[in-house]
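Notes follow once the structure below has been shown.
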Amino acid sequence: METTERWHYWLPVPDRTGFTWHRHAFRGKHWDGRSSATSVCGVRCAMAKPSELDWFQAPTCSECTELLIAEQCGDGKAEQSDTGSAEGER
Ligand SMILES: [Zn+2]
């Protein structure tokens with residue numbers, strides 16, 4: 001069974017100052033331990049293993065959220081072609 005849906009995962013990362021954390025979305029199934037990556041909203045982030053507190057405190061990035069919602073609504077991209085009734089799937 002092929003899945004053409006794009007994977008993404010969320011990870012809390014510090015911004016450039018290191019004081020403010022945001023939970024950004026990244027492409028991929030899960031964080032593979034890399035030290036940096038570019039988020040869905042286009043921010044290059046230094047990544048580190050977040051603590052439970054980081055997860056708790058970091059607010060979810062609204063830009064990432066909006067972009068992912070737009071993608072899942074099927075704007076523009078026609079990759080998921082012949083499954084017309086799969087819209088509720090996660
Ligand atoms: Zn973001």
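Labels used: A, B, ... for chains in the order of the structure tokens, numbers from 1 for residues in each chain, and numbers from 1 for ligands as shown.
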
Would you name the residues within 6 Å of ligand 1, counting only C-alpha atoms and all ligand atoms, and put them as a list of chain:residue names?
A:His24, A:Ala25, A:Ser39, A:Val40, A:Cys41, A:Cys61, A:Glu63, A:Cys64

12 Å contact set for Trp31 (chain A), only C-alpha atoms, chain neighbours under 3 positions out, as a PyMOL selection string:
chain A and resi 7-13+24-28+34-37+39+47-50

Do a neighbour search on region 16-21 of chain A at 8 Å with only C-alpha atoms, toss out local chain neighbours closer than 2 positions, and write the hits as a list in words.
Pro12, Val13, Pro14, Arg23, Asp54, Gln57, Ala58 and Pro59 of chain A

Using N, CA and C atoms, can you write the selected residues to a file as a tab-separated table (two decimals), in the first residue's frame?
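Contents of the output file selection.tsv:
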chain	number	residue	atom	x	y	z
A	12	PRO	N	9.81	20.94	19.21
A	12	PRO	CA	10.10	22.25	19.78
A	12	PRO	C	11.57	22.62	19.55
A	13	VAL	N	11.79	23.80	19.04
A	13	VAL	CA	13.16	24.26	18.79
A	13	VAL	C	13.31	25.69	19.29
A	14	PRO	N	14.50	26.05	19.74
A	14	PRO	CA	14.72	27.42	20.17
A	14	PRO	C	14.93	28.33	18.98
A	23	ARG	N	7.18	25.32	18.58
A	23	ARG	CA	7.04	23.97	18.06
A	23	ARG	C	6.77	24.07	16.57
A	54	ASP	N	10.03	21.47	27.43
A	54	ASP	CA	10.03	22.17	26.15
A	54	ASP	C	8.74	21.89	25.39
A	57	GLN	N	5.96	23.86	27.05
A	57	GLN	CA	5.98	25.32	27.01
A	57	GLN	C	5.98	25.90	25.61
A	58	ALA	N	6.53	25.18	24.64
A	58	ALA	CA	6.68	25.75	23.31
A	58	ALA	C	5.32	25.85	22.61
A	59	PRO	N	4.93	27.05	22.21
A	59	PRO	CA	3.67	27.19	21.47
A	59	PRO	C	3.84	26.68	20.04

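Looking only at region 2-67 of chain A, the set that DSSP places in helix (DSSP H, G or I) from backbone geometry is Glu52, Leu53, Asp54, Trp55, Phe56, Gln57, Ser62, Glu63, Cys64, Thr65, Glu66 and Leu67 of chain A.
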
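Going from CA of Asp15 (chain A) to CA of Ala46 (chain A) covers 8.0 Å.
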
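Comparing the minimum interatomic distances between Trp55 (chain A) and each of A:Cys73, A:Asp32, A:His22, A:Arg6, counting only C-alpha atoms, we find that A:His22 sits nearest.
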
Residues of region 17-87 of chain A in strand (DSSP E or B), written as a PyMOL selection string:
chain A and resi 21-27+36-38+44-46+60

Any chance you could export the current selection's C-alpha atoms as a PDB file, in the first residue's frame?
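Everything below was put into out-v9.pdb:
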ATOM      1  CA  TRP A  21      10.849  28.167  21.819  1.00  0.00           C
ATOM      2  CA  HIS A  22       8.370  27.279  19.161  1.00  0.00           C
ATOM      3  CA  ARG A  23       7.045  23.972  18.061  1.00  0.00           C
ATOM      4  CA  HIS A  24       7.651  23.817  14.333  1.00  0.00           C
ATOM      5  CA  ALA A  25       6.673  21.182  11.838  1.00  0.00           C
ATOM      6  CA  PHE A  26       9.381  19.463   9.793  1.00  0.00           C
ATOM      7  CA  ARG A  27       9.300  17.183   6.796  1.00  0.00           C
ATOM      8  CA  SER A  36      19.516  21.365  12.110  1.00  0.00           C
ATOM      9  CA  ALA A  37      16.701  21.433   9.606  1.00  0.00           C
ATOM     10  CA  THR A  38      14.392  23.840   7.867  1.00  0.00           C
ATOM     11  CA  ARG A  44      16.268  27.146   9.665  1.00  0.00           C
ATOM     12  CA  CYS A  45      16.362  25.703  13.133  1.00  0.00           C
ATOM     13  CA  ALA A  46      18.993  24.271  15.383  1.00  0.00           C
ATOM     14  CA  THR A  60       2.834  25.641  18.131  1.00  0.00           C
TER      15      THR A  60
END
